[in-house]
Amino acid sequence: MADLSINIKGMKAPNPFFLASAPPATYGEQIKRAFEAGWGGVVTKTIGIDPIVNVTNRFGRLTQRGARQGAANVIGFENIELITDRPVESWLRDIRMLKETFPDRAVVASLMHSVEEEGWRQLVLAVQEAGADAIELNFGCPHGMPEKHMGSEQSQDPAIANMICGWVHKYATVPVFAKLTPNVTDIGLIGQACEAGGADGISTINTILSMIGIDIEDVHPLPDVSGKSCYGGYSGTSVKPVGLRCVSTLKAKTSLPLFGMGGINYAEDAIEYILAGASAVQVCTAVMLRGFRIIDNLVKGLNDYMDRKGFNTIDEMVGLAVPRVTVHSGLNFKRREVALIDQAKCISCDLCYVACNDGVGLSAIDKTFNVVEAARGGEAADGGSDPAKTRPVYEVINEKCDGCSLCLQVCPVKDCITLVESDTYRVPPMWRPEEERVLA
């Protein structure tokens with residue numbers, strides 16, 4: 001079996017799956033249950049000095065219109081929860097208990113403070129003394145008291161991020177990870193500022209600033225707090241593309257080890273993050289919706305993948321996909337493909353036909369009715385075919401198809417539509433002679 005253990009700047013864990021700094025990591029006894037279930041590490045709920053009061057309610061979900069309620073149909077999630085409302089002393093007891101009970105698991109203390117060195121110094125020294133294996137600086141919470149210049153305010157300014165990393169570096173004897181917000185123009189620039197300031201690693205992404213929805217009957221934003229709301233942090237399945245982009249960008253622009261997070265539900269999601277540059281991953285929303293038990297499938301899925309692909313360690317996988325990420329002009333413009341429909345798999349749902357006509361305007365799929373199919377349902381009384389039993393048949397017109405793949409994306413049947421190389425394809429307008437462009 002593959003070795004799933006990790007060692008990031010001296011922070012060790014039996015597997016790369018950590019609970020993110022979030023509601024699933026609010027109490028020591030709660031984290032203890034996660035470790036008993038098999039999680040490799042935890043990043044505590046963010047610890048601060050000032051007292052915190054959270055509102056009710058503070059969660060919201062995004063589902064497709066008309067979808068049934070329940071965790072299975074949640075594609076996005078929002079919270080307006082602040083950092084821990086527990087005092088520092090309570091967390092120090094929990095950190096000591098966790099390290100005494102589970103010495104092989106990684107306990108990372110998440111910290112937040114204003115732009116003031118003394119507060120950071122106090123927090124760093126306290127959690128180190130309690131036994132924390134590493135520290136995560138919460139520079140990323142989008143609603144984490146920006147009016148006090150905390151949370152994402154600190155990683156939207158490279159000078160501030162650099163300065164705080166410098167302060168913490170003076171007092172830290174364990175690895176320090178800066179947790180960054182995706183709500184910036186260039187996350188690579190922020191990562192470089194943190195590296196220059198002395199950070200040992202980077203965690204990303206924190207949640208995305210958002211409004212989860214509006215109650216159109218009562219006309220108030222959600223989640224509803226006495227008829228009002230505020231912008232919150234968006235997470236869940238739908239943010240994974242943003243997370244992958246941020247992680248791969250930081251892998252290319254810094255030399256720091258990375259924690260990747262955002263939309264991890266299954267082992268395949270975690271594998272994508274590792275291939276994009278993450279040395280370990282953090283999970284939040286999936287645990288909130290389905291519990292600690294998902295760790296079994298995460299570990300098994302990663303182990304099976306590594307065995308199948310011949311990877312012995314996590315380090316062998318980290319960032320393998322990054323060299324293949326290029327700018328748009330660096331892509332292969334000479335390769336031309338067209339869609340091919342497998343008639344044996346087609347269920348005549350009409351989605352590809354509509355998408356090609358309405359979605360991209362190519363009209364490259366021909367729709368006819370196959371009377372031979374009538375034999376499946378019997379013949380009409382007069383011996384002819386029964387139109388009610390006739391199935392639509394869809395075929396690609398190569399001369400019109402430009403290989404955009406929208407038909408493939410909407411098709412509900414696996415491998416029914418594929419892209420194949422072809423010498424017969426739609427020539428883009430700007431590649432045609434001038435006189436033909438006018439007619440086109």
# chains A, B, ... in the order shown; residues from 1 in each chain; ligands from 1
call {"tool": "select_by_dssp", "arguments": {"residues": "stretch 120-237 of chain A", "states": "alpha helix (DSSP H)", "output": "ChimeraX atom specification"}}
result
/A:120-130,158-171,187-197
call {"tool": "write_last_selection", "arguments": {"atoms": "N, CA and C atoms", "output": "compact mmCIF listing (two decimals), in the first residue's frame"}}
result
# COMPACT_ATOMS: atom_id res chain seq x y z
N TRP A 120 -0.46 39.51 18.20
CA TRP A 120 0.02 38.32 17.49
C TRP A 120 1.06 37.59 18.34
N ARG A 121 1.95 38.33 18.98
CA ARG A 121 2.98 37.71 19.80
C ARG A 121 2.36 36.89 20.93
N GLN A 122 1.38 37.45 21.59
CA GLN A 122 0.74 36.75 22.71
C GLN A 122 0.10 35.45 22.25
N LEU A 123 -0.62 35.51 21.14
CA LEU A 123 -1.30 34.31 20.64
C LEU A 123 -0.31 33.24 20.20
N VAL A 124 0.72 33.64 19.47
CA VAL A 124 1.71 32.68 18.98
C VAL A 124 2.39 31.97 20.14
N LEU A 125 2.87 32.71 21.12
CA LEU A 125 3.56 32.10 22.26
C LEU A 125 2.65 31.18 23.04
N ALA A 126 1.38 31.55 23.18
CA ALA A 126 0.45 30.74 23.97
C ALA A 126 0.18 29.39 23.32
N VAL A 127 -0.13 29.37 22.03
CA VAL A 127 -0.48 28.09 21.38
C VAL A 127 0.75 27.21 21.19
N GLN A 128 1.92 27.83 21.01
CA GLN A 128 3.14 27.04 20.94
C GLN A 128 3.41 26.32 22.25
N GLU A 129 3.26 27.03 23.35
CA GLU A 129 3.51 26.45 24.67
C GLU A 129 2.54 25.32 24.95
N ALA A 130 1.31 25.41 24.41
CA ALA A 130 0.30 24.37 24.62
C ALA A 130 0.58 23.13 23.79
N PRO A 158 -0.64 43.25 0.12
CA PRO A 158 0.60 42.49 0.29
C PRO A 158 1.52 43.06 1.35
N ALA A 159 1.51 44.38 1.55
CA ALA A 159 2.39 44.99 2.55
C ALA A 159 1.98 44.57 3.96
N ILE A 160 0.66 44.53 4.22
CA ILE A 160 0.18 44.12 5.54
C ILE A 160 0.45 42.64 5.77
N ALA A 161 0.17 41.81 4.76
CA ALA A 161 0.42 40.37 4.89
C ALA A 161 1.89 40.11 5.16
N ASN A 162 2.74 40.80 4.46
CA ASN A 162 4.19 40.66 4.65
C ASN A 162 4.61 41.06 6.06
N MET A 163 4.05 42.16 6.54
CA MET A 163 4.43 42.68 7.85
C MET A 163 4.01 41.72 8.96
N ILE A 164 2.79 41.22 8.90
CA ILE A 164 2.32 40.32 9.96
C ILE A 164 3.11 39.01 9.93
N CYS A 165 3.38 38.48 8.74
CA CYS A 165 4.19 37.26 8.65
C CYS A 165 5.57 37.50 9.28
N GLY A 166 6.10 38.69 9.09
CA GLY A 166 7.38 39.04 9.70
C GLY A 166 7.32 39.06 11.21
N TRP A 167 6.24 39.64 11.74
CA TRP A 167 6.07 39.66 13.20
C TRP A 167 6.02 38.23 13.76
N VAL A 168 5.16 37.41 13.16
CA VAL A 168 4.97 36.05 13.66
C VAL A 168 6.25 35.23 13.52
N HIS A 169 6.97 35.46 12.43
CA HIS A 169 8.22 34.72 12.19
C HIS A 169 9.23 34.93 13.33
N LYS A 170 9.19 36.09 13.94
CA LYS A 170 10.13 36.39 15.04
C LYS A 170 9.87 35.52 16.26
N TYR A 171 8.61 35.13 16.47
CA TYR A 171 8.25 34.43 17.71
C TYR A 171 7.93 32.95 17.50
N ILE A 187 -3.46 36.44 -6.52
CA ILE A 187 -3.13 35.75 -5.28
C ILE A 187 -1.65 35.36 -5.24
N GLY A 188 -1.04 35.21 -6.40
CA GLY A 188 0.38 34.91 -6.46
C GLY A 188 1.21 36.00 -5.84
N LEU A 189 0.83 37.26 -6.08
CA LEU A 189 1.55 38.40 -5.51
C LEU A 189 1.45 38.39 -3.99
N ILE A 190 0.27 38.06 -3.46
CA ILE A 190 0.09 38.00 -2.01
C ILE A 190 0.93 36.87 -1.43
N GLY A 191 0.94 35.73 -2.11
CA GLY A 191 1.74 34.60 -1.65
C GLY A 191 3.22 34.93 -1.59
N GLN A 192 3.70 35.63 -2.59
CA GLN A 192 5.11 36.03 -2.61
C GLN A 192 5.43 36.99 -1.46
N ALA A 193 4.48 37.87 -1.12
CA ALA A 193 4.68 38.79 0.00
C ALA A 193 4.77 38.03 1.32
N CYS A 194 3.93 37.00 1.48
CA CYS A 194 3.96 36.19 2.69
C CYS A 194 5.27 35.41 2.78
N GLU A 195 5.71 34.87 1.66
CA GLU A 195 6.98 34.13 1.64
C GLU A 195 8.14 35.04 2.03
N ALA A 196 8.15 36.24 1.47
CA ALA A 196 9.21 37.19 1.79
C ALA A 196 9.17 37.59 3.26
N GLY A 197 7.97 37.58 3.87
CA GLY A 197 7.83 37.94 5.28
C GLY A 197 8.23 36.85 6.24
call {"tool": "residues_around", "arguments": {"residues": "A:Ile314", "least_positions_apart": "2", "cutoff": "8 Å", "atoms": "only C-alpha atoms", "output": "list in words"}}
result
Asp3, Leu4, Ser5, Ile6, Ile274, Ser279, Phe311, Asn312, Glu316, Met317 and Val318 of chain A
call {"tool": "write_last_selection", "arguments": {"atoms": "N, CA and C atoms", "output": "PDB file, in the first residue's frame"}}
result
ATOM      1  N   ASP A   3       2.194   5.039   0.891  1.00  0.00           N
ATOM      2  CA  ASP A   3       2.412   5.752   2.152  1.00  0.00           C
ATOM      3  C   ASP A   3       1.682   7.089   2.082  1.00  0.00           C
ATOM      4  N   LEU A   4       0.619   7.245   2.873  1.00  0.00           N
ATOM      5  CA  LEU A   4      -0.185   8.467   2.858  1.00  0.00           C
ATOM      6  C   LEU A   4       0.302   9.512   3.857  1.00  0.00           C
ATOM      7  N   SER A   5       1.330   9.223   4.619  1.00  0.00           N
ATOM      8  CA  SER A   5       1.784  10.156   5.642  1.00  0.00           C
ATOM      9  C   SER A   5       2.435  11.381   5.016  1.00  0.00           C
ATOM     10  N   ILE A   6       2.432  12.489   5.767  1.00  0.00           N
ATOM     11  CA  ILE A   6       3.023  13.730   5.292  1.00  0.00           C
ATOM     12  C   ILE A   6       3.971  14.299   6.344  1.00  0.00           C
ATOM     13  N   ILE A 274      -3.903  17.945  -4.903  1.00  0.00           N
ATOM     14  CA  ILE A 274      -2.505  17.527  -4.755  1.00  0.00           C
ATOM     15  C   ILE A 274      -1.771  17.667  -6.083  1.00  0.00           C
ATOM     16  N   SER A 279       0.275  20.021  -0.731  1.00  0.00           N
ATOM     17  CA  SER A 279       0.922  18.921  -0.015  1.00  0.00           C
ATOM     18  C   SER A 279      -0.032  18.241   0.950  1.00  0.00           C
ATOM     19  N   PHE A 311       2.231   5.555  -7.412  1.00  0.00           N
ATOM     20  CA  PHE A 311       2.832   6.550  -6.516  1.00  0.00           C
ATOM     21  C   PHE A 311       3.078   5.915  -5.152  1.00  0.00           C
ATOM     22  N   ASN A 312       4.274   6.120  -4.617  1.00  0.00           N
ATOM     23  CA  ASN A 312       4.599   5.576  -3.302  1.00  0.00           C
ATOM     24  C   ASN A 312       4.324   6.566  -2.178  1.00  0.00           C
ATOM     25  N   GLU A 316       5.398  12.585  -4.311  1.00  0.00           N
ATOM     26  CA  GLU A 316       5.593  12.249  -5.719  1.00  0.00           C
ATOM     27  C   GLU A 316       4.489  12.817  -6.606  1.00  0.00           C
ATOM     28  N   MET A 317       3.341  13.143  -6.015  1.00  0.00           N
ATOM     29  CA  MET A 317       2.196  13.619  -6.780  1.00  0.00           C
ATOM     30  C   MET A 317       2.098  15.143  -6.820  1.00  0.00           C
ATOM     31  N   VAL A 318       2.695  15.795  -5.828  1.00  0.00           N
ATOM     32  CA  VAL A 318       2.446  17.222  -5.619  1.00  0.00           C
ATOM     33  C   VAL A 318       2.852  18.061  -6.823  1.00  0.00           C
TER      34      VAL A 318
END
call {"tool": "residues_around", "arguments": {"residues": "A:Asn206", "least_positions_apart": "3", "cutoff": "10 Å", "atoms": "only C-alpha atoms", "output": "PDB file with N, CA and C atoms, in the first residue's frame"}}
result
ATOM      1  N   ALA A  20     -10.671  21.677   8.289  1.00  0.00           N
ATOM      2  CA  ALA A  20     -10.365  23.093   8.130  1.00  0.00           C
ATOM      3  C   ALA A  20     -10.805  23.871   9.365  1.00  0.00           C
ATOM      4  N   SER A  21     -10.267  25.071   9.504  1.00  0.00           N
ATOM      5  CA  SER A  21     -10.648  25.950  10.605  1.00  0.00           C
ATOM      6  C   SER A  21     -12.066  26.441  10.371  1.00  0.00           C
ATOM      7  N   ASN A 138      -5.056  33.516  10.041  1.00  0.00           N
ATOM      8  CA  ASN A 138      -6.311  33.725   9.313  1.00  0.00           C
ATOM      9  C   ASN A 138      -6.309  35.114   8.679  1.00  0.00           C
ATOM     10  N   PHE A 139      -5.767  35.156   7.455  1.00  0.00           N
ATOM     11  CA  PHE A 139      -5.805  36.380   6.649  1.00  0.00           C
ATOM     12  C   PHE A 139      -6.960  36.328   5.652  1.00  0.00           C
ATOM     13  N   GLY A 140      -7.865  35.364   5.792  1.00  0.00           N
ATOM     14  CA  GLY A 140      -8.772  35.090   4.684  1.00  0.00           C
ATOM     15  C   GLY A 140     -10.250  35.244   4.907  1.00  0.00           C
ATOM     16  N   CYS A 141     -10.732  35.290   6.166  1.00  0.00           N
ATOM     17  CA  CYS A 141     -12.174  35.320   6.392  1.00  0.00           C
ATOM     18  C   CYS A 141     -12.787  36.581   5.770  1.00  0.00           C
ATOM     19  N   PRO A 142     -13.727  36.441   4.827  1.00  0.00           N
ATOM     20  CA  PRO A 142     -14.235  37.619   4.105  1.00  0.00           C
ATOM     21  C   PRO A 142     -15.143  38.511   4.937  1.00  0.00           C
ATOM     22  N   GLY A 151      -9.009  39.596   9.178  1.00  0.00           N
ATOM     23  CA  GLY A 151      -9.436  38.646   8.174  1.00  0.00           C
ATOM     24  C   GLY A 151      -8.915  38.991   6.794  1.00  0.00           C
ATOM     25  N   SER A 152      -9.791  38.943   5.793  1.00  0.00           N
ATOM     26  CA  SER A 152      -9.360  39.123   4.404  1.00  0.00           C
ATOM     27  C   SER A 152      -8.781  40.501   4.124  1.00  0.00           C
ATOM     28  N   LYS A 179      -3.150  31.872   5.673  1.00  0.00           N
ATOM     29  CA  LYS A 179      -4.366  31.470   4.968  1.00  0.00           C
ATOM     30  C   LYS A 179      -4.904  32.662   4.181  1.00  0.00           C
ATOM     31  N   LEU A 180      -4.982  32.505   2.855  1.00  0.00           N
ATOM     32  CA  LEU A 180      -5.268  33.627   1.974  1.00  0.00           C
ATOM     33  C   LEU A 180      -6.686  33.593   1.413  1.00  0.00           C
ATOM     34  N   THR A 181      -7.195  34.778   1.159  1.00  0.00           N
ATOM     35  CA  THR A 181      -8.499  34.932   0.523  1.00  0.00           C
ATOM     36  C   THR A 181      -8.362  34.847  -0.995  1.00  0.00           C
ATOM     37  N   PRO A 182      -9.377  34.314  -1.691  1.00  0.00           N
ATOM     38  CA  PRO A 182      -9.367  34.354  -3.150  1.00  0.00           C
ATOM     39  C   PRO A 182      -9.902  35.676  -3.693  1.00  0.00           C
ATOM     40  N   ASN A 183     -10.362  36.554  -2.787  1.00  0.00           N
ATOM     41  CA  ASN A 183     -10.984  37.813  -3.213  1.00  0.00           C
ATOM     42  C   ASN A 183      -9.937  38.877  -3.523  1.00  0.00           C
ATOM     43  N   SER A 203      -2.089  28.436   3.054  1.00  0.00           N
ATOM     44  CA  SER A 203      -3.364  27.715   2.989  1.00  0.00           C
ATOM     45  C   SER A 203      -4.317  28.525   2.117  1.00  0.00           C
ATOM     46  N   LEU A 209     -16.327  35.889  -0.781  1.00  0.00           N
ATOM     47  CA  LEU A 209     -17.335  36.871  -0.365  1.00  0.00           C
ATOM     48  C   LEU A 209     -18.569  36.758  -1.252  1.00  0.00           C
ATOM     49  N   GLY A 233     -19.264  34.139   3.671  1.00  0.00           N
ATOM     50  CA  GLY A 233     -18.251  33.306   3.036  1.00  0.00           C
ATOM     51  C   GLY A 233     -18.879  32.137   2.307  1.00  0.00           C
ATOM     52  N   TYR A 234     -18.621  32.035   1.008  1.00  0.00           N
ATOM     53  CA  TYR A 234     -19.203  31.003   0.151  1.00  0.00           C
ATOM     54  C   TYR A 234     -18.241  29.835   0.027  1.00  0.00           C
ATOM     55  N   SER A 235     -18.742  28.619   0.219  1.00  0.00           N
ATOM     56  CA  SER A 235     -17.919  27.411   0.168  1.00  0.00           C
ATOM     57  C   SER A 235     -18.723  26.296  -0.492  1.00  0.00           C
ATOM     58  N   GLY A 243     -10.577  27.282  -6.134  1.00  0.00           N
ATOM     59  CA  GLY A 243      -9.515  26.769  -5.275  1.00  0.00           C
ATOM     60  C   GLY A 243      -8.368  26.170  -6.061  1.00  0.00           C
ATOM     61  N   GLY A 260      -4.391  22.892   0.404  1.00  0.00           N
ATOM     62  CA  GLY A 260      -5.444  23.210  -0.559  1.00  0.00           C
ATOM     63  C   GLY A 260      -6.805  22.903   0.017  1.00  0.00           C
ATOM     64  N   MET A 261      -7.780  23.747  -0.310  1.00  0.00           N
ATOM     65  CA  MET A 261      -9.139  23.503   0.176  1.00  0.00           C
ATOM     66  C   MET A 261     -10.147  24.247  -0.691  1.00  0.00           C
ATOM     67  N   GLY A 262     -11.389  23.805  -0.597  1.00  0.00           N
ATOM     68  CA  GLY A 262     -12.475  24.425  -1.351  1.00  0.00           C
ATOM     69  C   GLY A 262     -13.183  23.407  -2.211  1.00  0.00           C
TER      70      GLY A 262
END
call {"tool": "closest_residue", "arguments": {"among": "A:Gly277, A:Gly60, A:Gly198, A:Gly310", "to": "A:Phe259", "atoms": "only C-alpha atoms"}}
result
A:Gly277
call {"tool": "residues_around", "arguments": {"residues": "stretch 9-17 of chain A", "least_positions_apart": "3", "cutoff": "6 Å", "atoms": "only C-alpha atoms", "output": "compact mmCIF listing (two decimals) with C-alpha atoms, in the first residue's frame"}}
result
# COMPACT_ATOMS: atom_id res chain seq x y z
CA LEU A 4 -0.19 8.47 2.86
CA SER A 5 1.78 10.16 5.64
CA ILE A 6 3.02 13.73 5.29
CA TRP A 39 -8.57 12.29 10.23
CA GLY A 40 -4.88 13.09 9.94
CA ARG A 105 -1.98 13.74 14.71
CA ALA A 106 -1.26 17.30 13.63
CA ASP A 133 2.35 21.56 15.74
CA ALA A 280 -2.18 18.39 2.15
CA VAL A 281 -5.85 19.33 2.05
call {"tool": "residues_around", "arguments": {"residues": "A:Arg426", "least_positions_apart": "6", "cutoff": "8 Å", "atoms": "only C-alpha atoms", "output": "PyMOL selection string"}}
result
chain A and resi 398-402
call {"tool": "select_by_dssp", "arguments": {"residues": "stretch 211-356 of chain A", "states": "strand (DSSP E or B)", "output": "compact mmCIF listing (two decimals) with N, CA and C atoms, in the first residue's frame"}}
result
# COMPACT_ATOMS: atom_id res chain seq x y z
N GLY A 213 -28.44 34.47 -1.35
CA GLY A 213 -29.75 34.58 -1.98
C GLY A 213 -30.61 35.66 -1.34
N ILE A 214 -31.81 35.83 -1.92
CA ILE A 214 -32.77 36.81 -1.41
C ILE A 214 -34.15 36.15 -1.36
N ASP A 215 -34.82 36.28 -0.25
CA ASP A 215 -36.20 35.82 -0.13
C ASP A 215 -37.07 36.78 -0.93
N HIS A 220 -35.89 40.10 1.68
CA HIS A 220 -34.74 40.34 2.54
C HIS A 220 -33.63 39.36 2.16
N PRO A 221 -32.38 39.77 2.29
CA PRO A 221 -31.26 38.89 1.93
C PRO A 221 -31.12 37.75 2.92
N LEU A 222 -30.45 36.69 2.49
CA LEU A 222 -30.24 35.49 3.31
C LEU A 222 -28.76 35.34 3.64
N VAL A 225 -31.30 37.57 9.43
CA VAL A 225 -31.08 37.92 10.84
C VAL A 225 -31.98 39.12 11.15
N LYS A 228 -32.45 41.35 8.16
CA LYS A 228 -31.25 41.87 7.52
C LYS A 228 -30.22 40.75 7.38
N GLY A 232 -21.35 37.11 3.17
CA GLY A 232 -20.73 36.03 3.92
C GLY A 232 -19.72 35.26 3.10
N GLY A 233 -19.26 34.14 3.67
CA GLY A 233 -18.25 33.31 3.04
C GLY A 233 -18.88 32.14 2.31
N TYR A 234 -18.62 32.04 1.01
CA TYR A 234 -19.20 31.00 0.15
C TYR A 234 -18.24 29.83 0.03
N SER A 235 -18.74 28.62 0.22
CA SER A 235 -17.92 27.41 0.17
C SER A 235 -18.72 26.30 -0.49
N LEU A 258 1.86 23.95 0.34
CA LEU A 258 0.51 24.49 0.32
C LEU A 258 -0.50 23.54 0.95
N PHE A 259 -1.43 24.12 1.70
CA PHE A 259 -2.67 23.45 2.07
C PHE A 259 -3.71 23.86 1.03
N GLY A 260 -4.39 22.89 0.40
CA GLY A 260 -5.44 23.21 -0.56
C GLY A 260 -6.81 22.90 0.02
N MET A 261 -7.78 23.75 -0.31
CA MET A 261 -9.14 23.50 0.18
C MET A 261 -10.15 24.25 -0.69
N ALA A 280 -1.12 18.93 1.30
CA ALA A 280 -2.18 18.39 2.15
C ALA A 280 -3.44 19.18 1.86
N VAL A 281 -4.58 18.67 2.33
CA VAL A 281 -5.85 19.33 2.05
C VAL A 281 -6.65 19.51 3.32
N GLN A 282 -7.54 20.49 3.28
CA GLN A 282 -8.45 20.73 4.40
C GLN A 282 -9.89 20.63 3.90
N VAL A 283 -10.76 20.12 4.76
CA VAL A 283 -12.16 19.87 4.40
C VAL A 283 -13.07 20.52 5.43
N THR A 313 4.49 7.86 -2.46
CA THR A 313 4.29 8.90 -1.44
C THR A 313 3.49 10.06 -2.01
N GLU A 337 -10.95 19.22 -33.81
CA GLU A 337 -11.77 18.08 -33.45
C GLU A 337 -13.24 18.37 -33.74
N VAL A 338 -13.97 17.31 -33.96
CA VAL A 338 -15.42 17.42 -34.14
C VAL A 338 -16.09 16.41 -33.22
N ALA A 339 -17.36 16.64 -32.94
CA ALA A 339 -18.11 15.73 -32.07
C ALA A 339 -18.53 14.48 -32.83
N LEU A 340 -18.62 13.36 -32.09
CA LEU A 340 -19.10 12.10 -32.65
C LEU A 340 -20.11 11.52 -31.69
N ILE A 341 -21.30 11.18 -32.18
CA ILE A 341 -22.38 10.65 -31.35
C ILE A 341 -22.47 9.14 -31.53
call {"tool": "residues_around", "arguments": {"residues": "A:Cys349", "least_positions_apart": "5", "cutoff": "9 Å", "atoms": "only C-alpha atoms", "output": "NGL selection string"}}
result
:A and (392 or 411-412)
call {"tool": "write_last_selection", "arguments": {"atoms": "N, CA and C atoms", "output": "PDB file, in the first residue's frame"}}
result
ATOM      1  N   PRO A 392     -36.111  10.037 -32.510  1.00  0.00           N
ATOM      2  CA  PRO A 392     -35.235  11.008 -33.157  1.00  0.00           C
ATOM      3  C   PRO A 392     -33.794  10.499 -33.180  1.00  0.00           C
ATOM      4  N   CYS A 411     -24.724  16.334 -22.494  1.00  0.00           N
ATOM      5  CA  CYS A 411     -25.202  14.962 -22.686  1.00  0.00           C
ATOM      6  C   CYS A 411     -25.212  14.210 -21.357  1.00  0.00           C
ATOM      7  N   PRO A 412     -26.336  13.566 -20.986  1.00  0.00           N
ATOM      8  CA  PRO A 412     -26.427  12.866 -19.701  1.00  0.00           C
ATOM      9  C   PRO A 412     -25.868  11.448 -19.725  1.00  0.00           C
TER      10      PRO A 412
END
call {"tool": "closest_residue", "arguments": {"among": "A:Arg86, A:Arg96, A:Arg336, A:Arg391", "to": "A:Lys367", "atoms": "only C-alpha atoms"}}
result
A:Arg391
